[in-house]
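For reference, query.txt is printed below; it contains compact mmCIF, C-alpha atoms.
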# COMPACT_ATOMS: atom_id res chain seq x y z
CA MET V 1 -0.46 5.41 -11.36
CA ASP V 2 1.52 5.18 -14.57
CA TRP V 3 0.51 3.50 -17.78
CA LEU V 4 2.47 1.77 -20.48
CA ARG V 5 1.96 1.29 -24.14
CA VAL V 6 1.31 -2.14 -25.64
CA ASP V 7 1.14 -2.07 -29.42
CA SER V 8 -1.80 -3.81 -31.09
CA ASP V 9 0.55 -5.91 -33.21
CA LEU V 10 2.23 -7.55 -30.20
CA PRO V 11 0.30 -10.86 -30.52
CA ARG V 12 1.61 -11.20 -34.09
CA HIS V 13 5.12 -9.78 -33.52
CA PRO V 14 7.82 -12.19 -34.77
CA LYS V 15 9.94 -11.70 -31.64
CA LEU V 16 7.00 -12.71 -29.45
CA GLY V 17 6.58 -15.98 -31.33
CA ALA V 18 10.32 -16.61 -31.13
CA LEU V 19 10.29 -15.95 -27.37
CA ALA V 20 7.33 -18.28 -26.83
CA ARG V 21 9.01 -21.05 -28.84
CA ALA V 22 12.35 -20.58 -27.05
CA LEU V 23 10.66 -20.90 -23.67
CA GLY V 24 8.20 -23.64 -24.67
CA ILE V 25 5.21 -21.52 -23.62
CA THR V 26 2.20 -20.02 -25.38
CA LYS V 27 2.25 -16.57 -26.95
CA VAL V 28 -0.31 -15.45 -24.37
CA ALA V 29 2.02 -16.52 -21.56
CA ALA V 30 4.95 -14.78 -23.25
CA MET V 31 2.87 -11.57 -23.53
CA GLY V 32 2.09 -11.80 -19.83
CA HIS V 33 5.76 -12.15 -18.90
CA LEU V 34 6.73 -9.27 -21.21
CA THR V 35 3.99 -7.03 -19.86
CA ALA V 36 5.00 -7.74 -16.26
CA LEU V 37 8.61 -7.01 -17.20
CA TRP V 38 7.66 -3.75 -18.93
CA CYS V 39 5.78 -2.62 -15.81
CA SER V 40 8.85 -3.13 -13.65
CA ILE V 41 11.18 -1.55 -16.21
CA ALA V 42 8.93 1.52 -16.24
CA GLU V 43 9.22 1.69 -12.45
CA HIS V 44 12.85 0.76 -11.84
CA ALA V 45 14.81 1.15 -15.10
CA GLU V 46 12.85 3.64 -17.16
CA ASP V 47 15.76 4.21 -19.54
CA GLY V 48 15.67 0.50 -20.43
CA ASP V 49 19.21 -0.10 -19.10
CA LEU V 50 19.19 -3.50 -17.43
CA SER V 51 22.98 -3.76 -17.09
CA ARG V 52 22.80 -3.06 -13.36
CA ILE V 53 19.90 -5.48 -12.78
CA ASP V 54 20.61 -9.08 -11.82
CA ASP V 55 19.12 -11.82 -14.02
CA ALA V 56 17.18 -13.22 -11.07
CA ASP V 57 15.60 -9.79 -10.49
CA ILE V 58 14.68 -9.43 -14.16
CA GLU V 59 13.01 -12.82 -14.06
CA GLU V 60 11.21 -11.89 -10.85
CA TRP V 61 10.00 -8.67 -12.48
CA ALA V 62 8.65 -10.77 -15.36
CA MET V 63 7.02 -13.23 -12.91
CA TRP V 64 9.09 -16.05 -14.42
CA THR V 65 9.12 -18.97 -11.98
CA THR V 66 10.32 -21.81 -14.17
CA THR V 67 13.95 -22.62 -15.09
CA PRO V 68 16.26 -19.92 -13.65
CA GLY V 69 18.14 -18.04 -16.36
CA ALA V 70 15.95 -19.33 -19.20
CA LEU V 71 13.88 -16.18 -19.57
CA VAL V 72 16.78 -13.72 -19.67
CA SER V 73 18.81 -15.87 -22.07
CA SER V 74 15.74 -16.22 -24.30
CA LEU V 75 15.05 -12.46 -24.16
CA VAL V 76 18.63 -11.86 -25.33
CA ALA V 77 18.52 -14.63 -27.97
CA THR V 78 15.26 -13.27 -29.45
CA GLY V 79 16.34 -9.62 -29.43
CA TRP V 80 14.13 -8.21 -26.66
CA ILE V 81 17.27 -7.43 -24.65
CA GLY V 82 20.45 -6.40 -26.47
CA GLU V 83 23.92 -7.71 -25.78
CA THR V 84 24.61 -4.54 -23.76
CA ARG V 85 21.60 -5.39 -21.56
CA GLN V 86 19.52 -2.56 -23.02
CA PHE V 87 15.83 -3.39 -23.28
CA ASN V 88 15.21 -2.79 -26.98
CA GLY V 89 12.55 -0.17 -27.56
CA GLY V 90 12.09 0.56 -23.87
CA ALA V 91 12.98 4.25 -23.78
CA LYS V 92 11.08 4.99 -26.99
CA ARG V 93 8.09 2.89 -25.94
CA HIS V 94 7.77 4.58 -22.55
CA ALA V 95 8.95 8.11 -23.44
CA HIS V 96 5.47 9.65 -23.21
CA MET V 97 4.80 8.05 -19.83
CA ILE V 98 8.18 9.17 -18.47
CA ASN V 99 7.69 12.73 -19.72
CA GLU V 100 4.20 12.88 -18.22
CA ARG V 101 5.43 11.54 -14.85
CA ASN V 102 8.24 14.11 -14.79
CA ARG V 103 5.84 16.93 -15.72
CA LYS V 104 3.44 15.99 -12.92
CA ALA V 105 6.28 15.76 -10.40
CA ALA V 106 7.50 19.23 -11.41
CA ASN V 107 3.96 20.62 -11.05
CA ARG V 108 3.61 19.11 -7.58
CA LYS V 109 6.90 20.67 -6.52
CA GLU V 110 5.90 24.03 -7.99
CA TRP V 111 2.60 24.07 -6.10
CA ALA V 112 4.24 22.96 -2.86
CA ARG V 113 6.94 25.67 -2.99
CA PRO V 114 4.67 28.65 -2.08
CA ALA V 115 3.04 26.68 0.73
CA ARG V 116 6.39 25.88 2.30
CA ALA V 117 7.61 29.45 1.96
CA SER V 118 4.56 31.14 3.48
CA GLY V 119 3.29 28.36 5.70
CA ALA V 120 -0.17 28.91 4.17
CA PRO V 121 -1.98 26.03 2.51
CA THR V 122 -2.30 26.19 -1.24
CA ALA V 123 -5.07 24.69 -3.30
CA ARG V 124 -4.09 22.42 -6.11
CA PRO V 125 -5.34 23.38 -9.55
CA ALA V 126 -8.29 21.48 -10.95
CA ARG V 127 -7.36 18.43 -12.99
CA ALA V 128 -7.36 18.99 -16.72
CA SER V 129 -9.20 16.40 -18.78

Can the structure from this file be put into structure tokens for me?
Amino acid sequence: MDWLRVDSDLPRHPKLGALARALGITKVAAMGHLTALWCSIAEHAEDGDLSRIDDADIEEWAMWTTTPGALVSSLVATGWIGETRQFNGGAKRHAHMINERNRKAANRKEWARPARASGAPTARPARAS
């Protein structure tokens, strides 16, 4: 299971207030939609490039069920998504998580390689705290 970073200043971030006002929702609701979107970006577009993702899919990722197109246009208008469909801050925000996921995947492959070659089972190393 991956994790993502949510900065402590998010509830007071100017772009969050602008997004909430643009959508006619509370800041808490806007944080929920952003957090849901960040989770899906971390899974399906970890580089933050949303240019290949349809607006309807982005809104589904964010659990937006109200006016179709309103969330994406508001995310662009308030600067969360750039004109090139790059999620602003996405790669930087999730860099540690991406690096950790890639490191773990490489370790799993490394430990599986001797087992495949010899046919003998290999024990995984103990988890580091």

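Going from CA of Glu59 (chain V) over to CA of Trp3 (chain V), you cover 20.9 Å.
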
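Here the question is which of V:Leu4, V:Leu10, V:Val72, V:Ala30 gets nearest to Leu50 (chain V) using only C-alpha atoms, and that residue is V:Val72.
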
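Of the listed residues (V:Ala112, V:Glu83, V:Asn107, V:Arg12), V:Glu83 comes nearest to Ser51 (chain V); the distances count only C-alpha atoms.
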
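CA of Ala20 (chain V) is positioned 23.1 Å from CA of Asp49 (chain V).
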
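Closest approach to Trp38 (chain V) among V:Ala62, V:Ala106, V:Ala18, V:Ile53: V:Ala62, based on only C-alpha atoms.
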
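In this model, the gap between CA of Thr84 (chain V) and CA of Pro14 (chain V) comes to 21.5 Å.
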
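Among the candidate residues V:Leu19, V:Ile58, V:Leu71, V:Val6, the one lying nearest to Leu37 (chain V) is V:Ile58, with distances computed using all atoms listed in the file.
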
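Closest approach to Ala22 (chain V) among V:Met63, V:Ala70, V:Leu34, V:Ala42: V:Ala70, based on only C-alpha atoms.
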
Write out as a PyMOL selection string each polymer residue whose atoms come within 12 Å of Leu23 (chain V), counting all atoms listed in the file; drop sequence neighbours fewer than 5 positions from it. chain V and resi 16-18+29-30+33+64-75+77-78

Can you report as lines of an AutoDock Vina configuration file the centre and edge lengths in Å, to one decimal, of an axis-aligned box around the listed atoms of region 20-33 of chain V padded with 4 Å on each side?
center_x = 6.0
center_y = -17.6
center_z = -23.9
size_x = 20.7
size_y = 20.1
size_z = 17.9

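With only C-alpha atoms as the atoms that count, the residue of V:Pro11, V:Glu100, V:Val76, V:Glu60 with the shortest distance to Ser40 (chain V) is V:Glu60.
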